[in-house]
Each structure stands twice: as structure tokens, then as C-alpha cells.
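Data file: upload_10.txt. Format and content: compact mmCIF, C-alpha atoms.
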```txt
# COMPACT_ATOMS: atom_id res chain seq x y z
CA MET G 27 12.74 0.02 -2.28
CA ALA G 28 10.88 0.26 1.04
CA ARG G 29 10.13 3.77 2.19
CA PRO G 30 12.03 4.98 5.28
CA LEU G 31 9.95 5.61 8.39
CA VAL G 32 9.88 9.08 9.97
CA ALA G 33 8.26 9.20 13.43
CA ILE G 34 6.80 12.40 14.91
CA VAL G 35 7.42 12.20 18.65
CA GLY G 36 6.84 14.56 21.57
CA ARG G 37 4.75 15.17 24.66
CA PRO G 38 0.99 15.68 24.21
CA ASN G 39 -0.42 18.82 22.58
CA VAL G 40 2.67 20.15 20.81
CA GLY G 41 1.09 20.11 17.33
CA LYS G 42 2.28 16.75 16.01
CA SER G 43 -1.05 15.83 14.40
CA THR G 44 -1.46 19.24 12.79
CA PHE G 45 1.93 18.84 11.08
CA PHE G 46 1.07 15.25 10.10
CA ASN G 47 -2.18 16.33 8.46
CA LYS G 48 -0.45 19.10 6.50
CA MET G 49 2.13 16.65 5.20
CA ALA G 50 -0.42 13.94 4.40
CA GLY G 51 -2.51 16.46 2.47
CA ARG G 52 -5.69 15.43 4.17
CA ARG G 53 -7.16 15.37 7.67
CA ILE G 54 -6.19 11.91 8.90
CA ALA G 55 -5.30 12.55 12.53
CA ILE G 56 -7.87 14.22 14.78
CA VAL G 57 -6.68 17.65 15.87
CA GLU G 58 -7.85 19.19 19.14
CA ASP G 59 -6.25 21.12 21.98
CA THR G 60 -6.84 18.23 24.37
CA PRO G 61 -3.83 16.06 25.33
CA GLY G 62 -4.29 12.44 24.35
CA VAL G 63 -6.49 12.93 21.29
CA THR G 64 -4.15 10.88 19.08
CA ARG G 65 -4.23 7.55 20.87
CA ASP G 66 -2.63 5.41 18.21
CA ARG G 67 0.10 5.49 15.60
CA ILE G 68 -1.18 6.75 12.26
CA TYR G 69 0.89 6.62 9.08
CA ALA G 70 0.86 8.17 5.60
CA ASP G 71 3.12 7.95 2.56
CA CYS G 72 4.63 11.37 1.87
CA GLN G 73 7.01 13.01 -0.56
CA TRP G 74 9.26 16.04 -0.35
CA GLN G 75 11.31 17.10 -3.38
CA ARG G 76 12.65 13.77 -4.70
CA TYR G 77 12.40 11.94 -1.37
CA ASN G 78 9.74 9.38 -0.46
CA PHE G 79 9.06 8.38 3.14
CA THR G 80 6.32 7.12 5.46
CA LEU G 81 5.36 9.58 8.19
CA ILE G 82 4.10 8.22 11.53
CA ASP G 83 2.00 10.31 13.89
CA THR G 84 2.19 9.08 17.48
CA GLY G 85 0.28 9.75 20.64
CA GLY G 86 1.97 12.15 23.01
CA ILE G 87 4.59 10.81 25.42
CA ASP G 88 4.04 11.93 29.00
CA PRO G 89 6.70 10.09 31.04
CA LEU G 90 5.49 11.69 34.27
CA SER G 91 1.89 10.49 34.03
CA ASP G 92 0.40 7.34 35.58
CA ASP G 93 -2.80 7.63 33.56
CA PRO G 94 -3.47 4.20 31.92
CA LEU G 95 -4.35 5.76 28.55
CA LEU G 96 -1.21 7.91 28.48
CA LYS G 97 0.85 4.87 29.48
CA GLN G 98 -0.54 2.98 26.51
CA MET G 99 0.19 5.92 24.20
CA ARG G 100 3.75 6.04 25.56
CA SER G 101 4.17 2.36 24.69
CA GLN G 102 2.87 3.00 21.18
CA ALA G 103 5.31 5.86 20.67
CA GLN G 104 8.23 3.75 21.91
CA VAL G 105 7.48 1.17 19.22
CA ALA G 106 7.50 3.95 16.61
CA ILE G 107 10.90 5.10 17.91
CA GLU G 108 12.29 1.56 17.61
CA VAL G 109 11.34 1.15 13.95
CA ALA G 110 11.94 4.74 12.75
CA ASP G 111 14.82 5.74 10.50
CA VAL G 112 14.55 9.40 11.53
CA ILE G 113 12.70 11.01 14.47
CA LEU G 114 11.14 14.47 14.51
CA PHE G 115 11.18 15.60 18.15
CA PHE G 116 8.34 18.14 18.48
CA VAL G 117 8.26 20.72 21.30
CA ASP G 118 6.02 23.74 21.95
CA GLY G 119 7.66 27.12 21.28
CA LYS G 120 4.98 28.99 23.24
CA SER G 121 5.10 27.04 26.48
CA GLY G 122 8.89 26.53 26.54
CA ILE G 123 10.78 23.53 27.90
CA THR G 124 8.93 21.30 30.33
CA GLY G 125 10.01 18.36 32.45
CA ALA G 126 8.17 16.07 30.04
CA ASP G 127 10.24 17.45 27.11
CA GLU G 128 13.43 16.63 28.98
CA GLN G 129 12.22 13.11 29.73
CA VAL G 130 11.27 12.54 26.08
CA GLY G 131 14.67 13.87 25.04
CA GLU G 132 16.40 11.37 27.29
CA LEU G 133 14.32 8.55 25.78
CA LEU G 134 15.33 9.63 22.26
CA ARG G 135 19.02 9.84 23.18
CA ARG G 136 18.92 6.24 24.36
CA SER G 137 17.43 5.18 21.01
CA LYS G 138 20.60 6.34 19.21
CA LYS G 139 18.45 7.26 16.19
CA PRO G 140 18.89 10.44 14.09
CA VAL G 141 16.77 13.12 15.78
CA LEU G 142 15.70 16.51 14.43
CA LEU G 143 14.46 18.97 17.05
CA VAL G 144 11.39 20.89 15.86
CA VAL G 145 10.06 23.88 17.80
CA ASN G 146 6.44 24.21 16.74
CA LYS G 147 3.92 27.05 17.18
CA VAL G 148 6.47 29.75 16.32
CA ASP G 149 4.24 32.09 14.33
CA GLY G 150 6.50 35.12 13.99
CA ILE G 151 9.91 36.68 14.59
CA GLU G 152 8.85 37.78 18.07
CA ASN G 153 8.54 34.12 19.13
CA GLU G 154 11.82 32.89 17.64
CA ASP G 155 13.96 33.96 20.60
CA SER G 156 12.22 31.36 22.77
CA ALA G 157 13.60 28.63 20.50
CA TYR G 158 17.14 29.19 21.80
CA ASP G 159 16.14 27.74 25.17
CA PHE G 160 15.70 24.37 23.49
CA TYR G 161 19.44 24.09 22.73
CA SER G 162 19.73 22.75 26.28
CA LEU G 163 17.96 19.55 25.19
CA GLY G 164 21.16 18.56 23.40
CA PHE G 165 19.88 17.91 19.86
CA GLY G 166 21.72 20.68 18.05
CA THR G 167 20.11 23.61 16.26
CA PRO G 168 16.32 23.57 16.63
CA PHE G 169 14.13 24.24 13.60
CA THR G 170 11.33 26.74 14.26
CA ILE G 171 8.07 26.13 12.42
CA SER G 172 4.37 26.82 12.52
CA SER G 173 2.38 23.79 11.39
CA VAL G 174 -0.82 25.81 11.29
CA ASN G 175 0.58 28.60 9.09
CA LEU G 176 3.11 26.45 7.18
CA LEU G 177 6.05 28.60 8.27
CA GLY G 178 9.58 27.18 8.24
CA ILE G 179 8.49 23.70 7.19
CA GLY G 180 10.48 23.65 3.94
CA ASP G 181 13.87 24.19 5.58
CA MET G 182 13.05 21.63 8.24
CA LEU G 183 12.06 19.03 5.63
CA ASP G 184 15.23 19.68 3.64
CA GLU G 185 17.29 18.90 6.72
CA MET G 186 15.17 15.86 7.54
CA CYS G 187 15.61 14.45 4.02
CA SER G 188 19.38 14.80 4.29
CA MET G 189 19.17 12.37 7.22
CA LEU G 190 17.16 9.73 5.31
CA PRO G 191 18.80 6.64 3.77
CA GLU G 192 19.51 6.73 0.05
CA SER G 193 16.64 4.31 -0.63
CA SER G 194 14.20 7.21 -0.15
CA LEU G 195 15.38 8.91 -3.35
CA GLU G 196 13.21 8.45 -6.40
CA GLU G 197 14.87 6.13 -8.87
CA ASP G 198 14.15 5.45 -12.52
CA ASP G 199 13.03 1.85 -12.17
CA SER G 200 10.53 1.88 -15.03
CA GLU G 201 12.19 -1.17 -16.56
CA THR G 202 12.13 -3.15 -13.31
CA ILE G 203 9.06 -5.23 -12.45
CA LYS G 204 8.29 -5.34 -8.72
CA ILE G 205 6.74 -8.54 -7.39
CA ALA G 206 5.38 -8.70 -3.82
CA VAL G 207 4.96 -12.08 -2.12
CA VAL G 208 2.09 -11.69 0.37
CA GLY G 209 -0.18 -13.82 2.52
CA LYS G 210 -0.80 -15.07 6.04
CA PRO G 211 2.10 -16.01 8.33
CA ASN G 212 3.84 -19.32 7.74
CA VAL G 213 2.47 -20.06 4.26
CA GLY G 214 5.97 -20.33 2.79
CA LYS G 215 6.62 -16.82 1.43
CA SER G 216 10.32 -16.76 2.34
CA SER G 217 10.77 -20.33 1.10
CA LEU G 218 9.28 -19.38 -2.25
CA VAL G 219 11.50 -16.30 -2.51
CA ASN G 220 14.60 -18.37 -1.79
CA ARG G 221 13.53 -20.99 -4.34
CA ILE G 222 13.00 -18.33 -7.01
CA LEU G 223 16.33 -16.69 -6.27
CA GLY G 224 18.12 -20.03 -6.08
CA GLN G 225 19.79 -19.20 -2.78
CA GLU G 226 19.07 -18.56 0.89
CA ARG G 227 18.56 -14.79 0.75
CA VAL G 228 15.94 -14.56 3.51
CA MET G 229 15.58 -16.46 6.78
CA VAL G 230 13.12 -19.36 6.81
CA SER G 231 11.52 -20.78 9.94
CA ASP G 232 8.41 -22.73 10.92
CA ILE G 233 7.76 -20.02 13.49
CA ALA G 234 5.21 -17.52 12.19
CA GLY G 235 6.54 -13.98 12.17
CA THR G 236 10.17 -14.71 11.29
CA THR G 237 10.07 -12.09 8.52
CA ARG G 238 9.60 -8.72 10.24
CA ASP G 239 10.08 -6.32 7.35
CA ALA G 240 9.51 -6.15 3.62
CA ILE G 241 12.78 -7.36 2.08
CA ASP G 242 13.57 -6.20 -1.49
CA THR G 243 15.88 -8.38 -3.58
CA PRO G 244 16.72 -7.55 -7.23
CA PHE G 245 17.27 -10.35 -9.73
CA THR G 246 17.17 -10.97 -13.49
CA HIS G 247 15.15 -13.61 -15.33
CA ASP G 248 15.61 -14.13 -19.08
CA GLY G 249 17.07 -10.62 -19.41
CA GLN G 250 14.20 -8.91 -17.55
CA LYS G 251 14.96 -7.04 -14.33
CA PHE G 252 12.81 -7.82 -11.29
CA VAL G 253 12.63 -6.91 -7.63
CA ILE G 254 10.99 -9.54 -5.44
CA ILE G 255 9.63 -8.34 -2.09
CA ASP G 256 9.34 -10.85 0.74
CA THR G 257 6.83 -9.57 3.30
CA ALA G 258 5.78 -10.30 6.86
CA GLY G 259 2.69 -12.44 7.29
CA ILE G 260 -0.53 -10.44 7.48
CA ARG G 261 -2.62 -11.67 10.40
CA ARG G 262 -6.11 -10.63 11.44
CA LYS G 263 -6.07 -7.30 13.24
CA ALA G 264 -7.42 -8.86 16.44
CA LYS G 265 -4.39 -11.18 16.58
CA VAL G 266 -1.77 -8.47 16.03
CA ASP G 267 -0.09 -7.49 19.28
CA ASP G 268 -0.29 -3.71 19.18
CA HIS G 269 2.61 -3.31 21.62
CA THR G 270 5.13 -5.10 19.44
CA LEU G 271 6.84 -4.44 16.13
CA GLU G 272 4.34 -6.70 14.36
CA ARG G 273 1.92 -3.94 13.54
CA TYR G 274 4.62 -2.10 11.63
CA SER G 275 5.49 -5.34 9.86
CA VAL G 276 1.90 -5.49 8.63
CA ILE G 277 2.11 -1.83 7.55
CA ARG G 278 5.23 -2.68 5.54
CA SER G 279 3.44 -5.62 3.94
CA PHE G 280 0.54 -3.47 2.78
CA ASP G 281 3.03 -0.87 1.56
CA ALA G 282 4.70 -3.62 -0.50
CA ILE G 283 1.35 -4.30 -2.18
CA ARG G 284 0.87 -0.60 -2.93
CA ARG G 285 4.26 -0.25 -4.62
CA CYS G 286 4.39 -3.58 -6.45
CA ASP G 287 3.43 -4.29 -10.06
CA VAL G 288 2.32 -7.88 -9.45
CA ALA G 289 1.27 -9.53 -6.18
CA LEU G 290 1.80 -13.22 -5.53
CA LEU G 291 -0.96 -14.20 -3.10
CA LEU G 292 0.20 -17.34 -1.29
CA ILE G 293 -2.45 -19.72 0.04
CA ASP G 294 -1.76 -22.76 2.20
CA ALA G 295 -3.11 -25.85 0.40
CA ASN G 296 -3.77 -27.49 3.78
CA GLU G 297 -6.09 -24.68 4.88
CA GLY G 298 -7.66 -23.44 1.65
CA VAL G 299 -8.98 -19.88 1.38
CA THR G 300 -9.41 -18.32 4.81
CA GLU G 301 -11.09 -15.08 5.85
CA GLN G 302 -7.70 -13.39 6.07
CA ASP G 303 -6.76 -14.55 2.55
CA THR G 304 -9.96 -12.89 1.32
CA LYS G 305 -9.07 -9.62 3.06
CA VAL G 306 -5.55 -9.56 1.62
CA ALA G 307 -6.92 -10.36 -1.84
CA GLY G 308 -9.46 -7.55 -1.42
CA PHE G 309 -6.67 -5.08 -0.67
CA ILE G 310 -4.75 -6.23 -3.75
CA ALA G 311 -7.87 -5.71 -5.89
CA GLU G 312 -8.62 -2.30 -4.34
CA GLU G 313 -5.11 -1.17 -5.20
CA GLY G 314 -5.65 -2.30 -8.80
CA LYS G 315 -2.68 -4.68 -8.78
CA ALA G 316 -2.14 -7.63 -11.06
CA CYS G 317 -2.20 -10.88 -9.11
CA VAL G 318 -1.20 -14.53 -9.28
CA ILE G 319 -2.78 -16.93 -6.78
CA VAL G 320 -0.07 -19.34 -5.66
CA VAL G 321 -1.25 -22.41 -3.74
CA ASN G 322 1.75 -23.61 -1.74
CA LYS G 323 2.47 -26.89 0.10
CA TRP G 324 0.80 -28.83 -2.71
CA ASP G 325 3.07 -31.78 -1.89
CA ASP G 326 1.14 -32.24 1.38
CA ILE G 327 -2.14 -32.97 -0.44
CA GLU G 328 -3.31 -36.45 -1.41
CA LYS G 329 -4.36 -36.19 -5.04
CA ASP G 330 -6.46 -37.86 -7.67
CA THR G 331 -7.54 -36.84 -11.21
CA TYR G 332 -10.00 -34.22 -9.95
CA THR G 333 -8.03 -32.70 -7.07
CA ILE G 334 -6.78 -29.55 -8.83
CA GLU G 335 -10.16 -28.74 -10.37
CA LYS G 336 -11.81 -29.21 -6.98
CA PHE G 337 -9.33 -26.84 -5.36
CA LYS G 338 -9.79 -24.27 -8.12
CA LYS G 339 -13.56 -24.25 -7.56
CA GLU G 340 -13.11 -23.85 -3.81
CA ILE G 341 -10.67 -20.97 -4.28
CA LEU G 342 -12.96 -19.22 -6.77
CA THR G 343 -15.82 -19.60 -4.30
CA GLY G 344 -13.79 -17.77 -1.66
CA LEU G 345 -12.30 -15.22 -4.08
CA LYS G 346 -15.13 -14.57 -6.52
CA PHE G 347 -14.01 -10.99 -7.10
CA MET G 348 -10.59 -12.21 -8.25
CA ASP G 349 -11.64 -14.81 -10.81
CA TYR G 350 -9.31 -13.17 -13.34
CA ALA G 351 -6.17 -14.23 -11.43
CA PRO G 352 -4.33 -17.32 -12.71
CA MET G 353 -3.61 -20.11 -10.19
CA ILE G 354 -0.43 -22.12 -9.78
CA PHE G 355 -0.16 -25.13 -7.45
CA ILE G 356 3.40 -25.38 -6.14
CA SER G 357 5.66 -26.73 -3.45
CA ALA G 358 8.30 -24.21 -2.40
CA MET G 359 9.99 -26.99 -0.45
CA THR G 360 10.44 -29.41 -3.39
CA GLY G 361 10.45 -26.81 -6.16
CA GLN G 362 7.40 -28.30 -7.91
CA ARG G 363 6.08 -25.84 -10.55
CA VAL G 364 8.02 -22.93 -9.01
CA ASN G 365 9.56 -22.36 -12.44
CA ARG G 366 6.10 -21.22 -13.66
CA VAL G 367 5.71 -18.44 -11.11
CA ILE G 368 7.84 -15.69 -12.67
CA PRO G 369 6.69 -16.30 -16.30
CA THR G 370 3.08 -16.16 -15.09
CA ALA G 371 3.75 -12.96 -13.12
CA LEU G 372 5.37 -11.46 -16.23
CA LYS G 373 2.31 -12.33 -18.32
CA CYS G 374 0.07 -10.62 -15.74
CA TYR G 375 2.32 -7.54 -15.79
CA GLU G 376 2.11 -7.38 -19.58
CA ALA G 377 -1.69 -7.55 -19.34
CA ALA G 378 -1.76 -4.80 -16.69
CA THR G 379 0.34 -2.49 -18.90
CA ARG G 380 -1.36 -3.34 -22.21
CA ARG G 381 -2.68 -0.41 -24.26
CA ILE G 382 -5.38 -0.79 -26.89
CA THR G 383 -5.53 1.61 -29.83
CA THR G 384 -8.62 3.80 -29.89
CA GLY G 385 -9.85 2.45 -33.23
CA ILE G 386 -9.69 -1.19 -32.17
CA LEU G 387 -11.20 -0.31 -28.81
CA ASN G 388 -14.24 1.40 -30.34
CA ASP G 389 -14.75 -1.43 -32.86
CA THR G 390 -14.65 -3.95 -30.01
CA MET G 391 -17.10 -1.88 -27.98
CA GLN G 392 -19.58 -1.77 -30.85
CA ASP G 393 -19.25 -5.54 -31.31
CA ALA G 394 -19.98 -6.05 -27.60
CA LEU G 395 -23.04 -3.77 -27.79
CA THR G 396 -24.32 -5.64 -30.86
CA VAL G 397 -23.83 -9.14 -29.46
CA THR G 398 -25.59 -8.27 -26.19
CA PRO G 399 -27.38 -4.88 -26.15
CA PRO G 400 -27.69 -3.09 -22.80
CA PRO G 401 -30.99 -3.72 -20.98
CA ALA G 402 -33.65 -1.01 -21.08
CA PHE G 403 -34.34 0.89 -17.87
CA HIS G 404 -37.63 2.84 -17.59
CA GLY G 405 -37.86 2.86 -21.37
CA LYS G 406 -34.30 4.14 -21.82
CA ARG G 407 -31.26 2.21 -22.98
CA TRP G 408 -27.58 2.95 -22.29
CA ARG G 409 -25.81 4.19 -25.43
CA VAL G 410 -22.06 4.58 -25.87
CA TYR G 411 -20.78 7.26 -28.25
CA TYR G 412 -17.05 6.90 -27.75
CA THR G 413 -14.55 4.76 -25.79
CA THR G 414 -10.94 5.54 -24.90
CA GLN G 415 -8.26 4.05 -22.69
CA GLN G 416 -7.26 6.42 -19.92
CA GLY G 417 -4.39 4.50 -18.33
CA VAL G 418 -2.73 1.24 -17.33
CA LYS G 419 -1.93 -0.65 -14.10
CA PRO G 420 -4.80 -1.39 -14.13
CA PRO G 421 -6.10 -0.88 -17.69
CA THR G 422 -8.67 1.91 -17.35
CA PHE G 423 -11.32 2.67 -19.96
CA VAL G 424 -13.67 5.63 -20.25
CA PHE G 425 -17.11 5.33 -21.85
CA PHE G 426 -18.78 8.56 -23.03
CA SER G 427 -22.48 7.77 -23.04
CA ASN G 428 -25.99 9.22 -23.01
CA ASP G 429 -26.52 8.66 -19.27
CA PRO G 430 -24.05 7.06 -16.80
CA LYS G 431 -26.95 6.02 -14.55
CA LEU G 432 -28.20 3.60 -17.23
CA MET G 433 -25.00 1.51 -16.96
CA HIS G 434 -26.14 -1.49 -14.89
CA TYR G 435 -23.69 -3.52 -12.80
CA SER G 436 -24.60 -6.74 -14.64
CA TYR G 437 -23.77 -5.12 -17.98
CA GLU G 438 -20.49 -3.80 -16.61
CA ARG G 439 -19.66 -7.37 -15.65
CA TYR G 440 -20.49 -8.49 -19.20
CA LEU G 441 -18.16 -5.85 -20.67
CA ASP G 442 -15.44 -6.87 -18.22
CA ASN G 443 -15.62 -10.47 -19.46
CA TYR G 444 -15.86 -9.38 -23.13
CA PHE G 445 -12.78 -7.15 -22.86
CA ARG G 446 -10.81 -9.86 -21.04
CA LYS G 447 -11.58 -12.44 -23.69
CA THR G 448 -10.83 -10.06 -26.57
CA PHE G 449 -7.63 -8.45 -25.25
CA ASP G 450 -6.30 -11.20 -22.94
CA PHE G 451 -6.38 -9.28 -19.66
CA GLU G 452 -5.70 -12.35 -17.54
CA GLY G 453 -4.27 -11.55 -14.12
CA THR G 454 -5.19 -7.88 -13.91
CA PRO G 455 -8.29 -5.99 -12.77
CA ILE G 456 -9.99 -3.69 -15.28
CA LYS G 457 -11.44 -0.34 -14.39
CA PHE G 458 -14.36 1.31 -16.22
CA ILE G 459 -15.29 4.99 -15.93
CA VAL G 460 -18.68 6.04 -17.33
CA ARG G 461 -19.24 9.67 -18.29
CA GLY G 462 -22.12 11.60 -19.80
CA ARG G 463 -22.44 13.14 -23.25
CA ASP G 464 -21.46 16.61 -22.02
CA GLU G 465 -18.24 15.30 -20.50
CA ARG G 466 -16.88 13.98 -23.78
CA LYS G 467 -15.27 17.20 -24.96
CA GLU G 468 -13.75 17.84 -21.54
CA GLY G 469 -12.42 14.29 -21.37
CA LEU G 470 -10.68 14.60 -24.73
CA LYS G 471 -8.91 17.86 -23.94
```

Final C-alpha cells representation of the file:
Amino acid sequence: MARPLVAIVGRPNVGKSTFFNKMAGRRIAIVEDTPGVTRDRIYADCQWQRYNFTLIDTGGIDPLSDDPLLKQMRSQAQVAIEVADVILFFVDGKSGITGADEQVGELLRRSKKPVLLVVNKVDGIENEDSAYDFYSLGFGTPFTISSVNLLGIGDMLDEMCSMLPESSLEEDDSETIKIAVVGKPNVGKSSLVNRILGQERVMVSDIAGTTRDAIDTPFTHDGQKFVIIDTAGIRRKAKVDDHTLERYSVIRSFDAIRRCDVALLLIDANEGVTEQDTKVAGFIAEEGKACVIVVNKWDDIEKDTYTIEKFKKEILTGLKFMDYAPMIFISAMTGQRVNRVIPTALKCYEAATRRITTGILNDTMQDALTVTPPPAFHGKRWRVYYTTQQGVKPPTFVFFSNDPKLMHYSYERYLDNYFRKTFDFEGTPIKFIVRGRDERKEGLK
């Protein structure tokens, strides 16, 4: 299911970004002692114990300032408050309560969202007494922490997780295949979902942006459990109004791609492949997800004997890097060929999770090397001693060789095609890892 959103909110310079970076495990937000450094909302998928959630770092809220930049940051933070499931209200334990803290507190009370008061920069017992002053803000018992020294964070996170919806708990869904329906606004994603489910489960409108969140719906097809995820349309960044909820809708859509097993990339037959379609497809490929290209509104197109082949060539021209993805030409409105979508997605999932035994894999690799030997480079030729499959989703193969630098891109492309043809990897990317001779023993441990 979709991860709950946890927003870190507070006036400037109370340590929000420091805490965010510690939780994210890497330095994402810029940390300085200057108010206003974090100008935008930044997000990261996090986990604590068995709970999964998306953490949002916001710019500081200074209700008393007329500075244009701080006003914009305040607007950003208000959007985060609107979409959050839980809010972490950060205050500074060293400076005590300020008028800005009280103003932020009033804003959070009006939101009627679950709020956890966090007193940051409490580095020792001698500073804990100052935390009692924050009871006056009216958010119950404050949690004292030090983001810099990682003090008190565990207890605070335990309490925060108790406030999250049940969907944040890890579930054993290994037998459930997750399918995300993604694409630009108004290409018929919700119509396709409803057609697949056989009922009006999500709202459909000709107005782009009707779907605001990623909507998960479980269903069963021929005994197999699925979850289909209807997502908001992903527009070009320049067209996304940063002061509305739309940016978070886009975040949810990309999150749906990250957590799905198969992505259905919807393309409008009337428009063909656009720049935004290419960007969404690129994200799907970068995440290593299996993909089906679904060309919708096919009933709008005047056709002859060569129409489909012409469209396929045009799509492959725009999506050269995704030539492994099968294409289906459908009409979500009339139901034309919609019955092929789930079986095709299932076939792609099976390809993405396919494991090849080591013996067959090495025999196939030797056949590929014999049919087309690697090109020589400065008198040296790439030699492979051993091949093994490291993982699935996507299928990942490791080559132990004489010199990884001798593996040319063109030969990697040849092996990609050879493996696809031999093992039927239609619909899924393949990943190759090339290691040197000395790495073989380490790789087999």
C-alpha cells in the first residue's frame, strides 16, 4: 500500500534538516545555521522497525516575516501539512519558546492532524528541564532529542509509528503482484483501471488531474492475487503548480513505480510518444521495473493494414531504450483488447522473476561468445571465466572476466539481445555486472 506521509514542520533553524538527513541515511537536505536554507519540500522513503513511511523535510515557517522567500517557504510547508498523515512539530530546546513557535502551533492545531512535539538540540540531562516549558504549546508531552548526536530519537520514532495508519506496517505480500498504471494526465489511466476491475472503483473525468493520489485496489485474476495502482498524471515539472497538492500527487506516482512489480505505461494514441512519456519510461527503466506499453484511445485512430506497425515503429523511435517492452493497442472506453493487459503484465512479471540455473547460464554464455567473439581492444580481448545470476526484478547477471574495461557497450548490447532470445526476458530490463578475475572468489562467498 502507499506509504504514509510524515511532515517535519517548525520555524527556521530548529534542526529539521539534520534530523531528516539522519533518517534518510544520506545528506539530502543542505544543513547550515542560516534560516531559510531548506527552501523546498524534500522527501525520502524511510523505515523504522516494521513501519514504512515517507518523510518530508520542509522549509521553516516564520509566520511573522514578510520576506518573500520565507513567505514562499511558508506556503510550501502548508501544503505538506495538508497532505501529511502525521506531523513532527520541531522546536529548539536551547532557545526556548518563541512567538514563531506559538504561531506554528496554532497553524497545526487548525489542521486537526496528529502532531508530535519534538524538542530538538537537547544534548544532555542539564538541558532537559527546558523542555517542560513547551507543554504550554498544547501538544502533550514533548519528546526531547538531539538530531546531531542521535539522542532520544528511538523513543520518539516509536511514538510516531504508533500514530501511523496500519498501511505503514510491512506485510507479507510476496504472492501479490503489484501493477502501477502510469502516464501523463488524461490518457485514460482511471478508465483502464475501472475496465480491468469491471466496476467504477476510481473517479473518471475529462479534466486532467482528477486522480490526486495513488489508489491501490486488490483483485484476483485466474487465481492470482494482484494490486492495481491508479496514479495521478505525471506532468512536466515546469507545468506543476508548486503551491498546490499536485506536486505531492506526482511524488506518489513515482513512489507507485518504485514499489510496483510491473508498470503499465499509458500513451495517448492521438499524441504518440511525447517528451514526458520518454521521461516516465526512463524512470521505469532506471528503477529496473518490468513494463508494458499500453497505447490507449486506439478507437480514435483511422486505421488501415499498416497502421499498427507504423505506430510501433514510431513508439520504438521515441523509446529506443525500452524496446524489450511489449505493446498493446487498446480502448479503455470500448474495452477493445483490455483483456490482454493483465495476462501480458503477468508474463512480464514472470520474466522479471525468472532464475536461470548456473550450468545452463554458463553454457549459454559460452555459446554467445562462440557465435560472436568479443572485439579486440589494443590487442586484448574480453574473456569470461564464470557467469552467475545475482538476483531478480530485474534479472541481474555477474560476469567474472579478465578485465572489466574490455567489455564494450556494443558487446553488452549483443549479450542483452542473446539472453533475451534464449531465456524469453520480454518485458523486463536486464542488468549486467562485470567483475575482474580477482573478484571471483569474493563474489562466490

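Residues in contact with Phe337 of chain G at 10 Å, where all atoms listed in the file are counted and same-chain residues fewer than 2 positions away are skipped, are listed as G:Ala295, G:Gly298, G:Val299, G:Val321, G:Tyr332, G:Thr333, G:Ile334, G:Glu335, G:Lys339, G:Glu340, G:Ile341, G:Leu342, G:Thr343, G:Phe355.
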
Here atom CA of Ala103 of chain G and atom CA of Leu134 of chain G stand apart by 10.8 Å

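Here the question is which of G:Val109, G:Ile179, G:Leu292, G:Val130 gets nearest to Val32 of chain G using all atoms listed in the file, and that residue is G:Val109.
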
Spatial neighbours of segment 447-462 of chain G, max dist 6 Å, only C-alpha atoms, sep filter under 2 positions, as an MDAnalysis selection string: chainID G and resid 316:317 350:352 374 377:378 420:430 444:445 464:465

Would you export the selected residues with C-alpha atoms as an mmCIF file, in the coordinates of the input, please?
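Below you can see result.cif, which holds the result:
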```
data_model
loop_
_atom_site.group_PDB
_atom_site.id
_atom_site.type_symbol
_atom_site.label_atom_id
_atom_site.label_comp_id
_atom_site.auth_asym_id
_atom_site.auth_seq_id
_atom_site.Cartn_x
_atom_site.Cartn_y
_atom_site.Cartn_z
ATOM 1 C CA ALA G 316 -2.140 -7.630 -11.060
ATOM 2 C CA CYS G 317 -2.200 -10.880 -9.110
ATOM 3 C CA TYR G 350 -9.310 -13.170 -13.340
ATOM 4 C CA ALA G 351 -6.170 -14.230 -11.430
ATOM 5 C CA PRO G 352 -4.330 -17.320 -12.710
ATOM 6 C CA CYS G 374 0.070 -10.620 -15.740
ATOM 7 C CA ALA G 377 -1.690 -7.550 -19.340
ATOM 8 C CA ALA G 378 -1.760 -4.800 -16.690
ATOM 9 C CA PRO G 420 -4.800 -1.390 -14.130
ATOM 10 C CA PRO G 421 -6.100 -0.880 -17.690
ATOM 11 C CA THR G 422 -8.670 1.910 -17.350
ATOM 12 C CA PHE G 423 -11.320 2.670 -19.960
ATOM 13 C CA VAL G 424 -13.670 5.630 -20.250
ATOM 14 C CA PHE G 425 -17.110 5.330 -21.850
ATOM 15 C CA PHE G 426 -18.780 8.560 -23.030
ATOM 16 C CA SER G 427 -22.480 7.770 -23.040
ATOM 17 C CA ASN G 428 -25.990 9.220 -23.010
ATOM 18 C CA ASP G 429 -26.520 8.660 -19.270
ATOM 19 C CA PRO G 430 -24.050 7.060 -16.800
ATOM 20 C CA TYR G 444 -15.860 -9.380 -23.130
ATOM 21 C CA PHE G 445 -12.780 -7.150 -22.860
ATOM 22 C CA ASP G 464 -21.460 16.610 -22.020
ATOM 23 C CA GLU G 465 -18.240 15.300 -20.500
#
```

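Shortest atom-to-atom contact with Glu132 of chain G among G:Ser162, G:Asn296, G:Ser217, G:Gln302: G:Ser162, counting all atoms listed in the file.
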
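Among the candidates G:Thr414, G:Thr44, G:Thr257, G:Thr170, the residue lying nearest to Val213 of chain G is G:Thr257 (atoms considered: all atoms listed in the file).
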
State, in Å with one decimal place, the distance from atom CA of Ser357 of chain G to atom CA of Ile222 of chain G. 11.7 Å

Place a sphere of radius 7 Å on (5.7, -11.3, -3.8) in the file coordinates and name every protein, DNA or RNA residue with an atom inside or on its surface, counting all atoms listed in the file; give the answer as number ranges by chain. G: 205-208, 254-256, 289-290

Between G:Arg76, G:Asp303, G:Arg221, G:Lys204, which has the minimum distance to Asp184 of chain G (counting only C-alpha atoms)? G:Arg76
